[in-house]
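Report on the following structure.
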Amino acid sequence: MNGYIGKILNINLSDFAIETIPLDIELANKYLGGSGLACRLLYDMVDKDTDPLSPENVLIIMTGPLTGTLGPSVGKYAICAKSPLTDIWGESNSGGMFGPELKYAGFDGIIIKGKSDTPVYIWIHNEKVVIKDAKKLWGKKITRVQNMIKKELNDENVKIAAIGPAGENLVKYACVINDFGRAAGRTGMGAVFGSKNLKAIAVKGNGSINISNSTKLAKNGIKAIDTVKSSFKTQMFSALGTSGYWDYATTLGDLSFKYFTQGTWEDAPKVSGSTLAETLLIKNSCCFACPICCGRVVQVKEGKYKTEGIVKGPEYETIGAFGGALLVNDMAAIQKANELCDEYGLDTISCGVTIAYAYYLYEKGILKKEDVGFELSWGDIDPALKLIEMITKREGFGDILAEGSYRTALKLNAPLEEVAVVNKMEVPFHDPRAFFGMAITYATSPRGACHMTADNYETDLGSPEPDMGIIPGDRQSIEGKAQIVANLQNYRAIYGSAIMCNFSFPTASEFASLLTAVTGNKIKIDDLKILGERLINLKRIFNIKMGLTAKNDKLPEILLRPLEGGTEGKVPDIDSMLKDYYKYRDWNPETGKPSKKKLEELGLEEFIKDIWE
Amino acid sequence: MSIKKVIVVNYEKCTGCKLCSLICSLYHEAVISPFLSRIDHIEFSDKEKGFIFVPVTCEQCEEPICMYSCPRDAYYIDENTGAVLINEEKCVHCRICVFTCPFGGVLVSPSGRVFKCDLCGGDPECVKICPSNAITYEEPESSISDKKKETAKKLLTK
């Protein structure tokens with residue numbers, strides 16, 4: 001089998017049964033790999049009534065055919081399950097070295113069912129699989145866990161994906177961290193690990209990945225890497241990290257402040273990517289096969305926010321949450337929040353935005369000092385740092401925030417239109433008022449408010465892919481926007497199945513030629529179009545099975561209030577764009593279901609009965 | 001005799017992306033496998049600098065210990081590139097060279113085959129693909145050889 005290893009590891013943690021099953025090549029051809037293949041597998045395993053944190057939920061870790069091969073930024077793997085945060089499709093992918101190592105160790109993916117009675121970790125070494133005791137690791141922070149496992153296995157170069165105490169305590173937005181601070185951040189996959197008493201997975205392998213046409217892959221891979229290397233975006237991400245976009249985002253209003261209620265902030269430059277580079281940065285950190293190296297390695301050497309040695313620096317989104325949304329203008333303070341989240345295993349977006357929501361409620365008087373235990377005032381990071389600890393341990397008011405913003409609002413009887421979530425997942429820092437396409441992205445994303453399923457801001461800033469119908473336009477126009485976002489969703493869904501990092505942007509024909517050289521299946525642009533549409537429709541069908549309808553496709557009102565600054569008081573007409581979107585997708589505007597005709601067209605006939613009868 | 005070019009490692013520039021290993025295994029073995037690559041990077045966790053990656057490959061020594069220790073005279077030096085090469089027909093994969101090489105430059109595949117860097121015939125693929133210029137192909141100078149000794153020393157003492 002080319003590109004794939006051809007084997008999937010199947011583990012039941014309830015009885016420690018371990019078996020290797022062959023990869024179903026028909027499914028792989030149809031859904032490629034990564035989150036697409038995982039979604040198809042999970043569809044048969046969970047339903048509407050499955051409690052995401054029960055032993056009945058299934059955790060699927062999946063690589064794609066490009067993972068671990070030669071191409072720009074192809075070091076990714078996906079973690080999928082029914083999400084405890086959104087109660088619908090959950091997926092999160094991460095870079096680093098873990099995904100490729102899993103393939104070299106002999107598996108395309110791992111399916112984990114059941115629940116262990118006691119804490120365990122899984123050790124995979126060249127197809128040998130051992131479930132090991134993790135009692136001593138329970139309660140430990142992530143770097144510590146990695147070091148302890150490396151010591152126990154007596155190998156510095158083992159690749160480890162682990163959860164922190166937040167995942168153990170089932171915080172709804174707990175994440176999984178692998179290697180040096182690379183996070184599978186969103187949708188609470190860390191809590192699913194925790195619910196199964198699974199602390200970590202360690203892998204090491206010296207196997208190979210067979211390639212259909214190695215000469216072509218060498219040629220096409222290098223060409224695609226060169227395309228990525230020479231782009232302006234790569235230079236910026238490389239020099240300044242993801243927060244290299246910070247200043248521009250501020251100018252455009254793509255970054256809003258004070259829990260999405262303020263369009264400008266005079267202190268914004270104090271926490272930009274350039275500031276980070278000038279103050280805390282030590283060097284870049286890099287994922288597998290990546291010519292970009294956007295990761296930051298930082299250290300705060302003194303003061304109250306001193307880091308524990310050298311640590312992973314904050315991303316754009318993290319600074320957006322703990323800087324912009326809280327109006328905190330001190331980079332070292334933001335870094336402290338970042339470090340705590342990385343060590344406790346919390347998604348910095350959902351955690352930061354949920355804490356900002358608490359500050360917002362405090363200002364409104366809905367929350368009082370006696371509810372929280374201390375005051376929450378804009379610009380003051382210290383209460384936020386305390387809340388991170390309380391959320392992780394589910395102590396006091398932290399127990400409420402650990403459920404996420406949406407459930408916090410329900411608990412406190414706060415107005416739901418002011419919670420910055422879509423399908424219960426916290427909104428990240430690409431404001432739909434600045435890029436109207438992001439309104440559609442958030443409203444229709446298969447995993448709630450996610451900017452990665454269609455990064456339309458990138459398109460409108462000038463990252464076109466005309467072959468895939470991804471064409472830049474006026475960022476605040478709704479004309480044809482829904483269609484372009486749909487095309488981008490399709491394309492990014494293939495990225496999530498292949499798996500390639502969104503930050504790598506070779507041309508679509510280069511991307512197709514990589515897939516062809518690796519797998520031997522002749523993949524052309526038209527095949528990519530159908531594949532992408534099939535993947536998005538599959539995830540839609542999954543969500544319909546979980547009870548989602550068109551009513552879920554909406555934005556909270558707080559994101560639709562006009563702001564001063566770069567957005568010039570404009571707001572997107574979401575209803576009009578949604579109408580265009582459903583029509584283009586051939587989805588029913590009332591039920592949100594894909595039409596029978598569409599499903600037939602995409603080779604998804606097998607689901608017609610489930611969703612229409 | 002003219003001075004031959006060698007692969008020079010500047011480990012401070014290495015990001016650990018592994019592209020060198022990927023292209024190497026693809027070029028020589030037609031599969032992707034860092035374990036079958038002639039170049040690898042060793043990963044260290046350093047308190048002051050964070051993670052450090054040191055690319056390690058054959059040094060193509062002027063006085064190759066691997067060659068001298070070979071009981072079958074399977075080794076020879078390429079006249080054009082100066083690469084220390086293995087004659088596949090003579091080699092019996094006894095691995096003495098693997099043990100005598102002080103740099104870890106001679107390797108064994110999971111199937112027991114001995115292999116090493118051949119400088120890709122004078123146009124090393126790893127050098128061409130390296131996005132951070134951490135590995136270059138140039139004529140050795142005394143400073144470079146000093147640096148290499150230091151790297152080797154570090155590898156040996158770790």
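Residues are named by chain letter and number: chains run A, B, ... in the order of the structure tokens, numbers start at 1 in each chain, and ligands are numbered from 1 in the order shown.
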Quick one: residues within 7 Å of stretch 83-89 of chain B, only C-alpha atoms counted, chain neighbours fewer than 3 positions away excluded, as a ChimeraX atom specification? /B:60,74-78,118-119
Output as number ranges by chain the set of chain B residues within 8 Å of chain A, with distances taken over only C-alpha atoms. B: 15-19, 22-23, 26-27, 30-35, 43, 47-50, 110, 129, 131-132
Store the residues of this selection in a file with C-alpha atoms, as an mmCIF file, in the first residue's frame.
data_model
loop_
_atom_site.group_PDB
_atom_site.id
_atom_site.type_symbol
_atom_site.label_atom_id
_atom_site.label_comp_id
_atom_site.auth_asym_id
_atom_site.auth_seq_id
_atom_site.Cartn_x
_atom_site.Cartn_y
_atom_site.Cartn_z
ATOM 1 C CA THR B 15 15.422 23.351 13.020
ATOM 2 C CA GLY B 16 14.958 19.597 13.276
ATOM 3 C CA CYS B 17 12.481 19.488 10.381
ATOM 4 C CA LYS B 18 13.917 16.192 9.065
ATOM 5 C CA LEU B 19 13.576 17.138 5.395
ATOM 6 C CA LEU B 22 13.251 12.292 4.084
ATOM 7 C CA ILE B 23 14.847 13.197 0.772
ATOM 8 C CA LEU B 26 13.557 8.680 -0.860
ATOM 9 C CA TYR B 27 16.567 9.208 -3.142
ATOM 10 C CA ALA B 30 12.706 4.855 -2.826
ATOM 11 C CA VAL B 31 10.790 4.856 0.458
ATOM 12 C CA ILE B 32 10.295 7.394 3.201
ATOM 13 C CA SER B 33 12.131 6.336 6.328
ATOM 14 C CA PRO B 34 14.382 8.482 8.506
ATOM 15 C CA PHE B 35 15.863 5.211 9.731
ATOM 16 C CA GLU B 43 17.969 15.758 19.486
ATOM 17 C CA LYS B 47 18.367 24.145 29.635
ATOM 18 C CA GLU B 48 19.642 27.358 28.062
ATOM 19 C CA LYS B 49 18.789 26.861 24.412
ATOM 20 C CA GLY B 50 15.751 24.579 24.450
ATOM 21 C CA PRO B 110 16.510 -3.091 9.937
ATOM 22 C CA ILE B 129 16.554 20.630 0.373
ATOM 23 C CA PRO B 131 15.423 25.136 4.258
ATOM 24 C CA SER B 132 17.639 26.705 6.911
#
For stretch 322-352 of chain A versus stretch 390-410 of chain A, which residues have an atom no more than 12 Å away, and what is each residue's nearest atom pair and distance in Å rounded to one decimal, using only C-alpha atoms, chain-then-number order, as a Markdown table?
| residue | atom | partner | partner_atom | distance |
| --- | --- | --- | --- | --- |
| A:Leu340 | CA | A:Thr392 | CA | 9.7 |
| A:Cys341 | CA | A:Thr392 | CA | 8.9 |
| A:Asp342 | CA | A:Thr392 | CA | 11.5 |
| A:Glu343 | CA | A:Thr392 | CA | 10.4 |
| A:Tyr344 | CA | A:Thr392 | CA | 6.7 |
| A:Gly345 | CA | A:Thr392 | CA | 8.5 |
| A:Leu346 | CA | A:Thr392 | CA | 7.9 |
| A:Asp347 | CA | A:Gly404 | CA | 10.9 |
| A:Ile349 | CA | A:Gly404 | CA | 11.0 |
| A:Ser350 | CA | A:Gly404 | CA | 7.2 |
| A:Cys351 | CA | A:Gly404 | CA | 7.6 |
| A:Gly352 | CA | A:Ser405 | CA | 10.2 |
Determine, counting only C-alpha atoms, which protein, DNA and RNA residues have an atom within 10 Å of an atom of A:Ser92; residues of the same chain fewer than 5 positions away are not included. Present the result as a PyMOL selection string. chain A and resi 35+61+77-81+175-176+183-189+447+496
What would the file look like if the residues just selected were written as a PDB file, in the first residue's frame with N, CA and C atoms?
ATOM      1  N   SER A  35      -8.906  13.392   9.372  1.00  0.00           N
ATOM      2  CA  SER A  35     -10.208  13.585  10.005  1.00  0.00           C
ATOM      3  C   SER A  35     -11.354  13.100   9.112  1.00  0.00           C
ATOM      4  N   ILE A  61      -7.388   8.437  16.494  1.00  0.00           N
ATOM      5  CA  ILE A  61      -6.196   9.195  16.148  1.00  0.00           C
ATOM      6  C   ILE A  61      -5.798   8.754  14.754  1.00  0.00           C
ATOM      7  N   TYR A  77      -1.213  15.031  12.410  1.00  0.00           N
ATOM      8  CA  TYR A  77      -2.145  13.944  12.692  1.00  0.00           C
ATOM      9  C   TYR A  77      -3.394  14.560  13.305  1.00  0.00           C
ATOM     10  N   ALA A  78      -4.507  13.822  13.254  1.00  0.00           N
ATOM     11  CA  ALA A  78      -5.763  14.349  13.780  1.00  0.00           C
ATOM     12  C   ALA A  78      -6.240  13.503  14.956  1.00  0.00           C
ATOM     13  N   ILE A  79      -6.860  14.168  15.932  1.00  0.00           N
ATOM     14  CA  ILE A  79      -7.527  13.453  17.021  1.00  0.00           C
ATOM     15  C   ILE A  79      -9.019  13.750  16.894  1.00  0.00           C
ATOM     16  N   CYS A  80      -9.819  12.711  16.808  1.00  0.00           N
ATOM     17  CA  CYS A  80     -11.251  12.902  16.586  1.00  0.00           C
ATOM     18  C   CYS A  80     -12.073  12.090  17.578  1.00  0.00           C
ATOM     19  N   ALA A  81     -13.235  12.600  17.891  1.00  0.00           N
ATOM     20  CA  ALA A  81     -14.204  11.915  18.756  1.00  0.00           C
ATOM     21  C   ALA A  81     -15.455  12.780  18.760  1.00  0.00           C
ATOM     22  N   CYS A 175      -7.034  20.045  26.075  1.00  0.00           N
ATOM     23  CA  CYS A 175      -6.416  19.679  24.809  1.00  0.00           C
ATOM     24  C   CYS A 175      -5.412  18.544  25.005  1.00  0.00           C
ATOM     25  N   VAL A 176      -4.831  18.118  23.908  1.00  0.00           N
ATOM     26  CA  VAL A 176      -3.760  17.120  23.937  1.00  0.00           C
ATOM     27  C   VAL A 176      -2.512  17.818  23.401  1.00  0.00           C
ATOM     28  N   ALA A 183      -0.152  21.619  20.082  1.00  0.00           N
ATOM     29  CA  ALA A 183      -1.441  21.270  20.669  1.00  0.00           C
ATOM     30  C   ALA A 183      -2.468  20.833  19.639  1.00  0.00           C
ATOM     31  N   ALA A 184      -3.146  19.718  19.947  1.00  0.00           N
ATOM     32  CA  ALA A 184      -4.419  19.431  19.287  1.00  0.00           C
ATOM     33  C   ALA A 184      -5.413  20.133  20.187  1.00  0.00           C
ATOM     34  N   GLY A 185      -5.646  21.411  19.887  1.00  0.00           N
ATOM     35  CA  GLY A 185      -6.231  22.296  20.883  1.00  0.00           C
ATOM     36  C   GLY A 185      -7.726  22.219  21.064  1.00  0.00           C
ATOM     37  N   ARG A 186      -8.460  22.179  19.947  1.00  0.00           N
ATOM     38  CA  ARG A 186      -9.869  22.517  20.063  1.00  0.00           C
ATOM     39  C   ARG A 186     -10.781  21.298  20.229  1.00  0.00           C
ATOM     40  N   THR A 187     -11.978  21.562  20.625  1.00  0.00           N
ATOM     41  CA  THR A 187     -13.093  20.615  20.798  1.00  0.00           C
ATOM     42  C   THR A 187     -12.934  19.611  21.940  1.00  0.00           C
ATOM     43  N   GLY A 188     -11.990  19.863  22.847  1.00  0.00           N
ATOM     44  CA  GLY A 188     -11.955  19.082  24.088  1.00  0.00           C
ATOM     45  C   GLY A 188     -11.498  17.642  23.976  1.00  0.00           C
ATOM     46  N   MET A 189     -10.599  17.357  23.033  1.00  0.00           N
ATOM     47  CA  MET A 189     -10.132  15.973  22.880  1.00  0.00           C
ATOM     48  C   MET A 189      -9.357  15.493  24.120  1.00  0.00           C
ATOM     49  N   ARG A 447     -17.269  21.950  13.280  1.00  0.00           N
ATOM     50  CA  ARG A 447     -16.909  21.811  14.698  1.00  0.00           C
ATOM     51  C   ARG A 447     -17.132  23.084  15.517  1.00  0.00           C
ATOM     52  N   GLY A 496      -7.142  18.537   5.904  1.00  0.00           N
ATOM     53  CA  GLY A 496      -7.347  17.823   7.166  1.00  0.00           C
ATOM     54  C   GLY A 496      -7.324  16.311   7.012  1.00  0.00           C
TER      55      GLY A 496
END
Do you know which residues are at most 8 Å from A:Gln483 counting only C-alpha atoms, after dropping those on the same chain fewer than 5 positions away, and could you put them as number ranges by chain? A: 580-581, 584
List every residue of stretch 373-590 of chain A that DSSP, applied to the backbone of this structure, places in alpha helix (DSSP H), and write the result as a ChimeraX atom specification. /A:381-393,398-401,405-412,437-444,456-460,481-498,508-519,525-545,574-585
Using DSSP assignments from the backbone, pull out every residue in stretch 289-519 of chain A that falls under strand (DSSP E) and give it to me as a list in words.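 Filtering stretch 289-519 of chain A to strand (DSSP E) leaves Gly295, Arg296, Val297, Val298, Val311, Lys312, Val421, Val422, Met425 and Glu426 of chain A.
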Selection near B:Gly112, 10 Å with only C-alpha atoms, sequence-local residues under 5 positions removed, as a VMD selection string: chain B and resid 93 to 95 107
Report, in Å to a single decimal, how far apart atom CA of A:Ile177 and atom CA of A:Thr444 are.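 Atom-to-atom, atom CA of A:Thr444 and atom CA of A:Ile177 are spaced 26.9 Å apart.
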Residues near B:Asp40, cut-off 8 Å, only C-alpha atoms, skip fewer than 4 positions along chain, as a list in words: Lys18, Cys20, Ser21, Pro34, Pro55, Val56 and Thr57 of chain B
Do a neighbour search on stretch 12-14 of chain B at 7 Å with only C-alpha atoms, toss out local chain neighbours closer than 2 positions, and write the hits as a PyMOL selection string. chain B and resi 10+16+53-54+132-134
Can you spit out the residues from that selection as an mmCIF file, in the first residue's frame, using N, CA and C atoms?
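The result, stored in selection-v1.cif:
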data_model
loop_
_atom_site.group_PDB
_atom_site.id
_atom_site.type_symbol
_atom_site.label_atom_id
_atom_site.label_comp_id
_atom_site.auth_asym_id
_atom_site.auth_seq_id
_atom_site.Cartn_x
_atom_site.Cartn_y
_atom_site.Cartn_z
ATOM 1 N N ASN B 10 26.102 23.091 10.362
ATOM 2 C CA ASN B 10 26.038 24.206 11.303
ATOM 3 C C ASN B 10 24.805 23.965 12.168
ATOM 4 N N GLY B 16 15.478 20.928 12.956
ATOM 5 C CA GLY B 16 14.958 19.597 13.276
ATOM 6 C C GLY B 16 13.802 19.174 12.400
ATOM 7 N N PHE B 53 19.218 20.452 17.723
ATOM 8 C CA PHE B 53 19.286 19.336 16.786
ATOM 9 C C PHE B 53 20.650 19.354 16.118
ATOM 10 N N VAL B 54 21.316 18.216 16.148
ATOM 11 C CA VAL B 54 22.625 18.138 15.504
ATOM 12 C C VAL B 54 22.563 17.129 14.355
ATOM 13 N N SER B 132 17.006 25.719 6.031
ATOM 14 C CA SER B 132 17.639 26.705 6.911
ATOM 15 C C SER B 132 19.148 26.803 6.692
ATOM 16 N N ASN B 133 19.634 26.164 5.626
ATOM 17 C CA ASN B 133 21.072 26.174 5.335
ATOM 18 C C ASN B 133 21.928 25.662 6.489
ATOM 19 N N ALA B 134 21.399 24.732 7.238
ATOM 20 C CA ALA B 134 22.170 24.158 8.345
ATOM 21 C C ALA B 134 23.200 23.159 7.828
#
